[in-house]
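Encoded as structure tokens, the structure appears first; notes follow it.
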Amino acid sequence: MASNSSGSGSQGRAPQRLRIIAGHLQRPVDVDATVSAAECKAQGGEADVASDGKSVPKRRQEIMKWNGWGYSDTKFLFNKKGQAEFTGKRYKLSGMIIPALKEWMEGTFGTNMQHKSLATPALTRTAVQPPTLNEAFVEELKSTGVPFSHDAEDRVFRAHGHCLHEIFALREGKVGRVPDLVVWPNCHNDVVKIVELACKHNVCLIPYGGGTSVSSALECPQEETRSIVSVDTSQMNRILWIDEKNLTAHMEAGIVGQDLERLLNESGYCTGHEPDSMEFSSLGGWVATRASGMKKNIYGNIEDLVIHVKMVTPQGVVEKSCQGPRMSTGPDIHHFIMGSEGTLGVVTEVTMKIRPMPEYQKYGSVVFPNFEQGVACLREVARQRCAPASIRLMDNEQFKFGHALKPQVSSMFTSFLEGLKKFYITKFKGFDPDCLCVATLLFEGNREKVLQHEKQVYDIAAKFGGLAAGEDNGQRGYMLTFVIAYLRDLGMDYYVIGESFETSVPWDSVYYIFRVLDICRNVKARIIRECKDKGVQFQPFSTCRVTQTYDAGACVYFYFAFNYRGLSDPVHMFEEVEHAAREEILANGGSLSHHHGVGKLRKAWMRETVSDVGMGMLKSVKDYVDPNNIFGNGNLL
Amino acid sequence: LSFSILVKNEEEFVDVLEELMHSGDLGHALRTFSPSPYNGGPPCSAADLPKAVLESQYLRYVIATEKALSLEEVREEASVILEEMSQKLQMGFIRLMAYMLSKVLKRILTGIHVNTEGLNALKQAVQESPVILLPNHRSYLDFLVISYVMFTYDIPVPVIAAGMALSKMRVVGEIISRSGAFFIRRAIGSDKLYWAVLSEYVKTIVRKGFAPVEFYVEGLRSRTLKSLMPKLGMMHMVLEPFFKGEVYDVTLVPVSLSYDRVLEEFLLAQELLGIPKPKESTTGLLKARKVLQEDYGSMHVNFGRPMSVRHLCRGKINRGQYNLVPRDLPQKPSGEVQACVSWLAHLMVRMQEEGALISPWSLMASLLLQAPAAALTEHAHEHTMWTPFSPGKVPEQEVMSSAAALHHSLVRLQAGRVHLVQGEEDEREDPRRPEEDVTKAAVPMLMLACYRNQCLHVFVRPALLAVAIHVTKSVQRDELFAFFCFLRDLFANEFISIPGESSQDFEEACVLLRTCGAVHTSEQEVTVSDVGLEVLPFLQDLLQPFIDSYQVMFRYLCKDGVHVVSEKQFVPAVRNLATKLILSGELHTHEALSSDMQKNVFSALRRLETLTQLKLNEYRVNKAAVGQISDILCESDDLVEEHCYLVLTCELKMRFMPLFVFTAPTEEPHGFSFLFSAPHRW
């Protein structure tokens with residue numbers, strides 16, 4: 001039924017990709033002595049649809065890097081021949097040689113294969129502060145039977161997200177304040193018990209889902225003197241029921257994206273919520289940060305998908321009494337929960353909309369002579385409300401970056417075709433290779449409609465000088481999102497540090513000049529200028545792409561990286577530049593965040609973002625729900 | 001040999017006219033012109049601009065809200081305005097212009113000295129972001145010379161905001177517009193459509209980086225050669241694209257033009273005395289050919305350091321304020337934006353002043369004016385000035401003689417002494433009224449005052465402090481500062497200072513006076529030194545004509561029977577009073593006759609709310625307040641007059657460090673040095 005690859009043979013790649021992502025993983029056996037386990041019976045368990053083959057073990061470090069992105073078996077490296085290679089078997093790119101990457105890195109960052117800045121290979125346990133345990137809390141916790149651990153590795157793993165400064169410190173073997181204890185609740189009731197105990201003994205709780213935060217949300221506040229307990233929800237990962245009549249499914253909030261989709265796919269359904277971090281990020285995390293998925297044009301963002309949420313707070317459990325599709329009952333309490341970033345409680349269970357899996361999928365891509373034309377085209381597509389499941393526009397730098405990530409072509413024929421295509425676009429059509437940019441597309445639905453839709457979008461693109469550039473380019477564009485995080489680790493091996501950040505901005509057209517365009521240009525220019533002022537020798541890599549379109553605006557994603565060789569305090573400098581870039585975004589009418597959230601990284605701008613009264617509203621909710629600041633991660637407010 | 005060579009730093013300046021000798025006029029006009037343009041966007045042609053303006057959301061919005069007329073009519077009107085306004089920059093005409101200018105400029109000027117460093121910086125700046133050229137406005141030649149220089153040095157030729165009057169000149173108007181000028185009506189007032197078309201036109205040029213935009217931030221040609229209070233309308237227009245994030249940055253380049261002798265000098269004085277300026281017309285221009293037979297010495301074009309608006313506005317503006325309204329709709333600028341634009345505009349005027357070249361002649365004019373007017377007319381021969389220059393430079397005699405030769409209509413050099421030429425009584429038969437004599441005598445005095453004004457900005461802050469010290473007789477810093485602020489505020493239209501920076505100005509004055517040894521300063525006190533006893537009176541004397549003239553006007557306003565005034569009636573009435581006082585010997589300066597000063601008093605009093613508006617152009621006089629101001633100033637009237645002869649040495653470098661020595665003339669020059677080095681504040 002799904003991924004019907006009739007015809008062009010490359011449809012249905014998304015589910016296939018998911019299978020590849022998750023397929024090789026097995027739930028490892030618990031070996032750590034400090035972990036005591038107890039099974040928790042899921043309530044309403046009559047439809048415990050699936051609980052096997054989950055991706056995330058308690059001891060994450062067994063399959064994931066403790067100081068970098070993703071799986072331990074997967075990374076970029078330069079092999080003995082000096083060629084870039086992507087190791088492992090998990091991704092389409094795995095095991096392949098990427099011939100152009102080395103040259104691209106040398107050309108873009110001025111890196112040198114001889115100059116390496118390798119990470120500390122393993123965590124020095126002595127670098128980790130001994131845990132400050134609240135004995136009474138621990139004693140009572142033991143009696144509940146909820147597994148916990150105060151092993152150094154476990155604690156360090158839950159003390160960070162994936163901000164540059166967090167990973168940079170880990171690579172240098174530096175560890176700051178880390179949680180004193182990690183607990184693994186197995187179900188909602190476990191969480192209720194943990195929160196009750198925490199309140200009773202005044203222990204600070206920090207919920208932990210997938211650990212993919214890029215807002216310093218998981219960092220332990222320096223000033224926290226109480227014992228800090230990380231509540232890792234990864235073991236609460238069951239789909240409790242699927243309601244085919246209402247097209248909803250009820251899940252425990254710790255389930256990660258890839259498991260959720262895979263398990264639903266087995267029943268012929270999907271949520272369609274695919275944030276770029278979906279391999280690792282959890283449902284609860286999505287709710288707590290107001291996440292957005294790549295295919296939101298069809299399925300909606302998290303706030304459109306959630307029907308019902310259960311959250312455990314110090315004041316008790318908050319939830320709605322029914323599952324009506326819409327209510328007029330005062331301000332929606334879901335909106336206190338969504339985006340609360342772990343400051344009010346732990347999200348334990350969520351009911352989400354589901355859809356039958358799409359019958360047909362097709363990637364596509366369009367090359368535009370320049371970024372301006374590309375943005376104009378995206379605006380028109382949004383205006384006509386005919387955006388495909390996903391439509392993204394990369395700028396010229398990112399287009400070149402994508403090219404550098406092309407794996408070695410296997411046949412002469414493919415390479416000949418590539419050359420021909422390039423010739424056609426640059427010479428025959430007169431596109432300047434230093435200006436052109438590419439939009440990647442993903443269509444979903446029934447076959448006939450997809451083809452119709454595809455034609456409509458390509459027709460619009462043609463009006464803006466766009467040329468269809470094939471499915472491969474499109475697909476590679478989406479693959480890039482999953483591997484780019486691994487690339488940062490490679491860069492860091494060679495003195496390159498980088499980060500991505502995002503914003504949303506209104507279209508706001510002036511004749512044919514868009515605010516979206518202006519913000520892209522200004523932020524990129526600001527980054528380059530700031531780096532220059534701060535003594536960065538090599539011009540930084542500063543690039544952007546438009547990743548989502550809305551009726552009234554777009555989401556813009558920036559990448560920024562530079563060679564820090566010779567700089568005394570690169571992380572500090574990096575943060576200053578990132579700060580300047582955010583100021584620039586705000587000055588140009590961009591939002592503080594589209595989907596990454598505020599955390600502690602962007603807290604300073606919250607007040608100006610939501611006004612004094614708005615801050616007061618949020619504060620008063622926090623004061624009522626959590627008067628003793630049990631959920632004391634210090635995010636948001 | 002012109003004396004200005006003495007003042008210039010040979011390495012920094014090149015003479016455009018000298019370069020011309022090598023290429024020849026025609027060769028110059030036909031030279032390959034290949035400037036590196038703005039690289040921030042796709043190139044656009046002059047013809048694209050009106051189209052972009054007419055199709056802009058902003059204009060559509062304004063057109064839609066113009067209720068009185070039908071949509072079509074308004075659109076038609078907008079096209080007409082645009083047609084009338086548009087520059088039609090064409091290379092052919094630039095070349096024609098260059099050819100004609102080469103001919104004319106070579107005839108009247110001995111050199112056009114341009115700072116190469118500034119040229120190079122400008123060349124770089126135009127590639128990086130939209131550039132706004134902000135020249136001071138002293139002569140009709142100003143914008144022609146700038147375009148000419150930019151053409152010569154391969155920099156994109158600017159588009160220039162010019163007064164509508166120029167466009168009405170037949171042929172000439174056309175040539176000017178095809179050389180890049182666009183025309184603006186004076187007194188736009190509340191014509192919303194016109195305002196919209198103009199601002200959208202300007203903003204479009206900035207956004208697209210079509211060409212550098214040039215306008216006079218002072219708004220008008222200065223009739224007194226003194227800087228004018230900046231106008232903010234155009235400034236707002238060129239800055240808005242940056243405020244709204246439509247461009248990454250805007251670069252401001254102040255340009256200082258300094259003339260040894262201004263072509264319009266005679267006309268300026270006449271205008272100031274209320275003799276109307278001839279209307280700009282082509283025939284008028286042809287008649288003015290006589291002007292072209294004179295020698296005007298050389299001129300300096302000093303391109304200031306390009307300044308980033310982004311950098312200047314850091315911390316001054318929250319650009320987020322434009323986020324809640326669509327960018328293309330008109331938005332009333334907030335107080336913060338207005339203050340920032342005003343600050344920038346004032347800053348630019350100050351930068352122009354700093355970049356201006358001070359000629360020895362200007363200093364000579366200052367000294368000549370310090371001799372009491374009455375004495376000058378009666379015993380001209382006895383008023384003499386020596387200008388010994390430091391060794392190694394051009395001998396002072398040569399400097400003096402070349403200055404005297406250039407300004408032969410004003411001064412004469414005899415036996416090493418400079419004399420004021422007092423219009424030889426052409427013994428005409430018809431007996432004239434004494435009032436006419438006063439007017440006639442005023443012409444050279446006002447010309448002299450204009451040249452003095454060229455250097456006034458260097459002295460004005462210390463001079464204000466000198467007056468404050470003299471009037472308050474105080475040594476207390478607070479007290480002096482308060483009085484300094486009062487003066488600074490009262491004379492805000494005369495001497496441009498940056499709003500909100502009074503304490504910096506005060507500090508600057510203290511530092512300058514301390515550096516030359518005139519005062520001692522401590523935390524609380526400013527005390528006059530022995531040197532100061534000689535220096536301060538000179539500085540006070542510089543301001544005396546202003547103080548005296550203001551007093552005359554206050555006196556008029558305090559008269560019985562004057563309750564309600566309008567500017568129209570104020571100007572001639574004050575002129576009559578001043579004439580009478582000059583005849584009676586009570587008033588020693590002719591500057592009270594200057595309409596510029598009269599208007600400045602009027603606006604100063606309006607600003608101080610001593611004149612309150614009743615209806616359009618009618619103001620009620622608050623006599624008590626005027627009297628009070630007058631009384632405060634009164635203290636400074638009893639100036640000692642012994643210091644009118646001064647010996648002066650000046651050694652000027654480009655960024656002025658005038659060093660001068662003066663002594664009382666009765667003694668031999670015993671040379672204590674008086675060092676002014678204007679600080680580099682930016």
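Residue numbers start at 1 in each chain; chains themselves are named A, B, ... in the order of the structure tokens; ligands are numbered from 1 in the order shown.
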
- Task: Name all residues at most 12 Å from Ala592 (chain B) (count only C-alpha atoms; drop same-chain ones fewer than 5 positions away) and give them as a ChimeraX atom specification.
- Result: /B:272-273,438-439,442,445-446,449,544-554,556,571-582,587,597-601

Those selected residues, please, written with C-alpha atoms and delivered as a tab-separated table (two decimals), in the first residue's frame.
chain	number	residue	atom	x	y	z
B	272	LEU	CA	21.86	89.36	3.06
B	273	LEU	CA	21.07	93.04	2.84
B	438	VAL	CA	25.23	102.44	5.46
B	439	THR	CA	23.97	99.74	3.13
B	442	ALA	CA	27.83	97.08	4.76
B	445	MET	CA	31.84	94.22	5.77
B	446	LEU	CA	29.40	91.38	5.26
B	449	ALA	CA	32.20	88.47	7.79
B	544	GLN	CA	30.79	90.28	19.72
B	545	PRO	CA	29.12	91.08	16.38
B	546	PHE	CA	26.63	88.31	17.07
B	547	ILE	CA	25.91	89.44	20.59
B	548	ASP	CA	25.55	93.06	19.53
B	549	SER	CA	23.28	92.22	16.66
B	550	TYR	CA	21.07	89.99	18.79
B	551	GLN	CA	20.80	92.80	21.32
B	552	VAL	CA	19.59	95.18	18.62
B	553	MET	CA	16.85	92.79	17.69
B	554	PHE	CA	15.87	92.19	21.29
B	556	TYR	CA	13.34	96.13	18.80
B	571	VAL	CA	13.24	91.76	9.02
B	572	PRO	CA	12.84	95.24	7.50
B	573	ALA	CA	11.92	96.80	10.84
B	574	VAL	CA	15.07	95.50	12.47
B	575	ARG	CA	17.10	96.58	9.48
B	576	ASN	CA	15.82	100.12	9.89
B	577	LEU	CA	16.61	100.14	13.58
B	578	ALA	CA	20.11	98.77	13.02
B	579	THR	CA	20.79	101.34	10.30
B	580	LYS	CA	19.78	104.12	12.66
B	581	LEU	CA	21.99	102.77	15.41
B	582	ILE	CA	24.94	102.47	13.07
B	587	LEU	CA	26.23	99.97	16.90
B	597	MET	CA	21.03	86.79	11.37
B	598	GLN	CA	17.60	88.37	11.66
B	599	LYS	CA	15.94	85.13	10.67
B	600	ASN	CA	18.15	83.22	13.09
B	601	VAL	CA	17.07	85.43	15.96

Return as a Markdown table the residues of chain B lying at most 6 Å from chain A, together with the closest atom-to-atom pair for each and the distance in Å to one decimal, counting only C-alpha atoms, with rows in chain order and ascending residue number.
| residue | atom | partner | partner_atom | distance |
| --- | --- | --- | --- | --- |
| B:Ser56 | CA | A:Tyr511 | CA | 5.2 |
| B:Gly245 | CA | A:Asn588 | CA | 5.5 |
| B:Glu246 | CA | A:Asp518 | CA | 5.7 |
| B:Tyr248 | CA | A:Asn522 | CA | 5.2 |
| B:Arg319 | CA | A:Ala587 | CA | 4.8 |
| B:Gly320 | CA | A:Ala587 | CA | 4.5 |
| B:Asn323 | CA | A:Gly589 | CA | 4.8 |

Now that the selection is made, can you save its residues with C-alpha atoms as a PDB file, in the first residue's frame?
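Okay, this is what ended up in result.pdb:
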ATOM      1  CA  SER B  56       5.482  50.405  -5.305  1.00  0.00           C
ATOM      2  CA  GLY B 245      16.395  46.415   6.936  1.00  0.00           C
ATOM      3  CA  GLU B 246      15.992  46.804   3.188  1.00  0.00           C
ATOM      4  CA  TYR B 248      22.419  46.050   5.131  1.00  0.00           C
ATOM      5  CA  ARG B 319      14.909  48.794  14.392  1.00  0.00           C
ATOM      6  CA  GLY B 320      12.331  46.350  15.682  1.00  0.00           C
ATOM      7  CA  ASN B 323       8.148  45.159  12.568  1.00  0.00           C
TER       8      ASN B 323
END

- Query: Excluding same-chain residues fewer than 3 positions from Lys279 (chain B), what lies within 10 Å of it counting only C-alpha atoms, as a list in words?
  - Reply: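 Non-adjacent residues within range: Ala165, Leu166, Met169, Pro276, Thr282, Thr283, Gly284 and Leu285 of chain B.
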
Could the residues in this selection be written to a file with all heavy atoms, as an mmCIF file, in the first residue's frame?
data_model
loop_
_atom_site.group_PDB
_atom_site.id
_atom_site.type_symbol
_atom_site.label_atom_id
_atom_site.label_comp_id
_atom_site.auth_asym_id
_atom_site.auth_seq_id
_atom_site.Cartn_x
_atom_site.Cartn_y
_atom_site.Cartn_z
ATOM 1 N N ALA B 165 14.124 75.290 -9.123
ATOM 2 C CA ALA B 165 14.397 76.472 -9.923
ATOM 3 C C ALA B 165 15.368 76.160 -11.064
ATOM 4 O O ALA B 165 15.212 76.646 -12.180
ATOM 5 C CB ALA B 165 14.984 77.564 -9.025
ATOM 6 N N LEU B 166 16.330 75.280 -10.785
ATOM 7 C CA LEU B 166 17.325 74.947 -11.798
ATOM 8 C C LEU B 166 16.699 74.285 -13.017
ATOM 9 O O LEU B 166 17.132 74.484 -14.143
ATOM 10 C CB LEU B 166 18.391 74.025 -11.208
ATOM 11 C CG LEU B 166 19.443 74.685 -10.317
ATOM 12 C CD1 LEU B 166 20.386 73.617 -9.792
ATOM 13 C CD2 LEU B 166 20.220 75.734 -11.089
ATOM 14 N N MET B 169 15.495 76.379 -15.920
ATOM 15 C CA MET B 169 16.419 77.022 -16.839
ATOM 16 C C MET B 169 16.443 76.241 -18.143
ATOM 17 O O MET B 169 16.665 75.034 -18.131
ATOM 18 C CB MET B 169 17.825 77.052 -16.235
ATOM 19 C CG MET B 169 17.924 77.933 -15.021
ATOM 20 S SD MET B 169 19.472 77.678 -14.137
ATOM 21 C CE MET B 169 20.618 78.536 -15.204
ATOM 22 N N PRO B 276 17.232 91.371 -3.583
ATOM 23 C CA PRO B 276 16.857 90.012 -3.989
ATOM 24 C C PRO B 276 17.829 89.408 -4.990
ATOM 25 O O PRO B 276 18.424 90.119 -5.795
ATOM 26 C CB PRO B 276 15.477 90.187 -4.610
ATOM 27 C CG PRO B 276 15.377 91.621 -4.951
ATOM 28 C CD PRO B 276 16.237 92.361 -4.005
ATOM 29 N N THR B 282 18.690 80.967 -17.764
ATOM 30 C CA THR B 282 19.825 80.765 -18.649
ATOM 31 C C THR B 282 20.398 82.103 -19.102
ATOM 32 O O THR B 282 21.608 82.286 -19.158
ATOM 33 C CB THR B 282 19.398 79.926 -19.864
ATOM 34 O OG1 THR B 282 18.770 78.759 -19.357
ATOM 35 C CG2 THR B 282 20.595 79.528 -20.696
ATOM 36 N N THR B 283 19.499 83.061 -19.382
ATOM 37 C CA THR B 283 20.006 84.362 -19.809
ATOM 38 C C THR B 283 20.771 85.017 -18.678
ATOM 39 O O THR B 283 21.815 85.626 -18.895
ATOM 40 C CB THR B 283 18.850 85.281 -20.273
ATOM 41 O OG1 THR B 283 17.760 85.100 -19.365
ATOM 42 C CG2 THR B 283 18.414 84.975 -21.671
ATOM 43 N N GLY B 284 20.257 84.845 -17.473
ATOM 44 C CA GLY B 284 20.954 85.374 -16.301
ATOM 45 C C GLY B 284 22.353 84.806 -16.208
ATOM 46 O O GLY B 284 23.320 85.508 -15.924
ATOM 47 N N LEU B 285 22.423 83.515 -16.490
ATOM 48 C CA LEU B 285 23.705 82.829 -16.420
ATOM 49 C C LEU B 285 24.672 83.420 -17.439
ATOM 50 O O LEU B 285 25.842 83.647 -17.169
ATOM 51 C CB LEU B 285 23.506 81.338 -16.680
ATOM 52 C CG LEU B 285 24.731 80.463 -16.480
ATOM 53 C CD1 LEU B 285 24.999 80.287 -15.004
ATOM 54 C CD2 LEU B 285 24.536 79.118 -17.153
#

- Record the distance separating CA of Val62 (chain B) and CA of Tyr194 (chain B), expressed in Å with one decimal.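 For CA of Val62 (chain B) relative to CA of Tyr194 (chain B), the distance reads 10.1 Å.
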
- Query: Which neighbours of Ser216 (chain A) fall inside 9 Å, counting only C-alpha atoms, when residues of the same chain fewer than 4 positions from it are skipped, and could you give them as an NGL selection string?
  - Reply: :A and (160-163 or 166 or 220 or 598-602 or 635)

How would the residues just chosen look if you wrote them out with N, CA, C and O atoms as an mmCIF file, in the first residue's frame?
data_model
loop_
_atom_site.group_PDB
_atom_site.id
_atom_site.type_symbol
_atom_site.label_atom_id
_atom_site.label_comp_id
_atom_site.auth_asym_id
_atom_site.auth_seq_id
_atom_site.Cartn_x
_atom_site.Cartn_y
_atom_site.Cartn_z
ATOM 1 N N HIS A 160 23.370 17.841 28.723
ATOM 2 C CA HIS A 160 23.577 18.741 27.581
ATOM 3 C C HIS A 160 22.624 18.444 26.433
ATOM 4 O O HIS A 160 22.055 17.363 26.336
ATOM 5 N N GLY A 161 22.501 19.442 25.586
ATOM 6 C CA GLY A 161 21.840 19.253 24.295
ATOM 7 C C GLY A 161 22.922 19.310 23.237
ATOM 8 O O GLY A 161 24.032 18.832 23.461
ATOM 9 N N HIS A 162 22.618 19.943 22.104
ATOM 10 C CA HIS A 162 23.605 19.960 21.037
ATOM 11 C C HIS A 162 23.985 21.354 20.577
ATOM 12 O O HIS A 162 24.294 21.571 19.410
ATOM 13 N N CYS A 163 23.960 22.300 21.495
ATOM 14 C CA CYS A 163 24.509 23.619 21.187
ATOM 15 C C CYS A 163 26.009 23.470 20.978
ATOM 16 O O CYS A 163 26.631 22.578 21.544
ATOM 17 N N GLU A 166 28.129 23.407 24.163
ATOM 18 C CA GLU A 166 27.983 22.180 24.950
ATOM 19 C C GLU A 166 28.877 21.074 24.394
ATOM 20 O O GLU A 166 29.622 20.411 25.124
ATOM 21 N N CYS A 220 22.149 22.333 33.311
ATOM 22 C CA CYS A 220 21.746 22.518 34.697
ATOM 23 C C CYS A 220 22.114 23.931 35.113
ATOM 24 O O CYS A 220 23.259 24.345 34.913
ATOM 25 N N VAL A 598 13.182 28.602 23.208
ATOM 26 C CA VAL A 598 13.931 29.686 23.826
ATOM 27 C C VAL A 598 15.050 29.147 24.722
ATOM 28 O O VAL A 598 16.193 29.578 24.637
ATOM 29 N N GLY A 599 14.683 28.184 25.544
ATOM 30 C CA GLY A 599 15.663 27.598 26.463
ATOM 31 C C GLY A 599 16.296 28.647 27.347
ATOM 32 O O GLY A 599 15.622 29.563 27.813
ATOM 33 N N LYS A 600 17.598 28.509 27.528
ATOM 34 C CA LYS A 600 18.306 29.559 28.261
ATOM 35 C C LYS A 600 19.089 30.434 27.295
ATOM 36 O O LYS A 600 19.429 31.559 27.594
ATOM 37 N N LEU A 601 19.306 29.905 26.102
ATOM 38 C CA LEU A 601 20.127 30.594 25.103
ATOM 39 C C LEU A 601 19.485 31.903 24.646
ATOM 40 O O LEU A 601 20.163 32.883 24.376
ATOM 41 N N ARG A 602 18.164 31.920 24.511
ATOM 42 C CA ARG A 602 17.491 33.092 23.954
ATOM 43 C C ARG A 602 16.587 33.798 24.962
ATOM 44 O O ARG A 602 15.769 34.636 24.606
ATOM 45 N N ASN A 635 14.512 27.478 32.091
ATOM 46 C CA ASN A 635 14.251 27.860 30.706
ATOM 47 C C ASN A 635 13.207 28.965 30.618
ATOM 48 O O ASN A 635 12.448 29.187 31.554
#

- Task: List every residue of region 441-511 of chain A that DSSP, applied to the backbone of this structure, assigns to strand (DSSP E or B), and report them as a list in words.
- Result: Leu441, Leu442, Phe443, Glu444, Gly445, Leu467, Ala468, Val496, Ile497, Gly498, Glu499, Ser500, Phe501, Glu502, Thr503, Ser504, Val505, Pro506, Ser509 and Val510 of chain A

- Item | For Ala339 (chain B), the nearest of the candidates B:His419, B:Lys106, B:Lys208, B:His236, counting only C-alpha atoms | B:His236

- Would you work out the distance separating CA of Ile132 (chain B) from CA of Lys244 (chain B), expressed in Å to one decimal? 17.0 Å

- Lys406 (chain A) surroundings by only C-alpha atoms, 9 Å radius, close-in-sequence under 5 positions cut, as a PyMOL selection string: chain A and resi 97-101+476

- So which residues touch region 491-501 of chain A within 6 Å, counting only C-alpha atoms, skipping near sequence neighbours fewer than 3 positions away, as number ranges by chain? A: 116-118, 488, 557-565

Can I get the selection written as a PDB file, in the first residue's frame, with N, CA, C and O atoms?
ATOM      1  N   LYS A 116      44.752  19.193  12.972  1.00  0.00           N
ATOM      2  CA  LYS A 116      43.578  18.551  13.549  1.00  0.00           C
ATOM      3  C   LYS A 116      43.321  19.054  14.957  1.00  0.00           C
ATOM      4  O   LYS A 116      44.229  19.450  15.681  1.00  0.00           O
ATOM      5  N   SER A 117      42.082  19.018  15.343  1.00  0.00           N
ATOM      6  CA  SER A 117      41.703  19.398  16.707  1.00  0.00           C
ATOM      7  C   SER A 117      40.782  18.298  17.219  1.00  0.00           C
ATOM      8  O   SER A 117      39.571  18.454  17.240  1.00  0.00           O
ATOM      9  N   LEU A 118      41.384  17.178  17.545  1.00  0.00           N
ATOM     10  CA  LEU A 118      40.575  16.004  17.886  1.00  0.00           C
ATOM     11  C   LEU A 118      39.998  16.083  19.296  1.00  0.00           C
ATOM     12  O   LEU A 118      40.532  16.752  20.175  1.00  0.00           O
ATOM     13  N   ARG A 488      29.108  18.404  11.406  1.00  0.00           N
ATOM     14  CA  ARG A 488      29.688  19.364  12.346  1.00  0.00           C
ATOM     15  C   ARG A 488      30.818  18.701  13.135  1.00  0.00           C
ATOM     16  O   ARG A 488      31.847  19.313  13.405  1.00  0.00           O
ATOM     17  N   TYR A 557      16.245  29.285   7.877  1.00  0.00           N
ATOM     18  CA  TYR A 557      17.238  28.533   8.622  1.00  0.00           C
ATOM     19  C   TYR A 557      18.608  29.032   8.223  1.00  0.00           C
ATOM     20  O   TYR A 557      18.908  29.148   7.036  1.00  0.00           O
ATOM     21  N   PHE A 558      19.434  29.352   9.189  1.00  0.00           N
ATOM     22  CA  PHE A 558      20.782  29.824   8.868  1.00  0.00           C
ATOM     23  C   PHE A 558      21.819  28.802   9.325  1.00  0.00           C
ATOM     24  O   PHE A 558      21.668  28.191  10.384  1.00  0.00           O
ATOM     25  N   TYR A 559      22.842  28.630   8.530  1.00  0.00           N
ATOM     26  CA  TYR A 559      24.005  27.880   8.972  1.00  0.00           C
ATOM     27  C   TYR A 559      25.162  28.845   9.030  1.00  0.00           C
ATOM     28  O   TYR A 559      25.274  29.721   8.177  1.00  0.00           O
ATOM     29  N   PHE A 560      25.971  28.652  10.011  1.00  0.00           N
ATOM     30  CA  PHE A 560      27.090  29.562  10.177  1.00  0.00           C
ATOM     31  C   PHE A 560      28.247  28.757  10.755  1.00  0.00           C
ATOM     32  O   PHE A 560      28.083  28.047  11.741  1.00  0.00           O
ATOM     33  N   ALA A 561      29.386  28.803  10.111  1.00  0.00           N
ATOM     34  CA  ALA A 561      30.547  28.041  10.582  1.00  0.00           C
ATOM     35  C   ALA A 561      31.819  28.763  10.164  1.00  0.00           C
ATOM     36  O   ALA A 561      31.828  29.475   9.156  1.00  0.00           O
ATOM     37  N   PHE A 562      32.870  28.580  10.940  1.00  0.00           N
ATOM     38  CA  PHE A 562      34.133  29.205  10.565  1.00  0.00           C
ATOM     39  C   PHE A 562      35.314  28.456  11.164  1.00  0.00           C
ATOM     40  O   PHE A 562      35.163  27.632  12.063  1.00  0.00           O
ATOM     41  N   ASN A 563      36.452  28.751  10.630  1.00  0.00           N
ATOM     42  CA  ASN A 563      37.708  28.152  11.048  1.00  0.00           C
ATOM     43  C   ASN A 563      38.260  28.956  12.221  1.00  0.00           C
ATOM     44  O   ASN A 563      38.516  30.135  12.088  1.00  0.00           O
ATOM     45  N   TYR A 564      38.435  28.318  13.360  1.00  0.00           N
ATOM     46  CA  TYR A 564      38.816  29.080  14.548  1.00  0.00           C
ATOM     47  C   TYR A 564      40.287  28.946  14.891  1.00  0.00           C
ATOM     48  O   TYR A 564      40.734  29.355  15.953  1.00  0.00           O
ATOM     49  N   ARG A 565      41.053  28.381  13.980  1.00  0.00           N
ATOM     50  CA  ARG A 565      42.464  28.192  14.277  1.00  0.00           C
ATOM     51  C   ARG A 565      43.115  29.537  14.559  1.00  0.00           C
ATOM     52  O   ARG A 565      42.950  30.493  13.823  1.00  0.00           O
TER      53      ARG A 565
END

- Task: Work out how far apart CA of Asp190 (chain A) and CA of Gly345 (chain A) are and give it in Å to one decimal.
- Result: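 Pair CA of Asp190 (chain A) / CA of Gly345 (chain A) returns 13.5 Å.
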
- Item | Counting only C-alpha atoms, the residue of A:Lys421, A:Leu378, A:Ser292, A:Thr132 that sits nearest Asp276 (chain A) |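 So, comparing all the options, the nearest one is A:Ser292.
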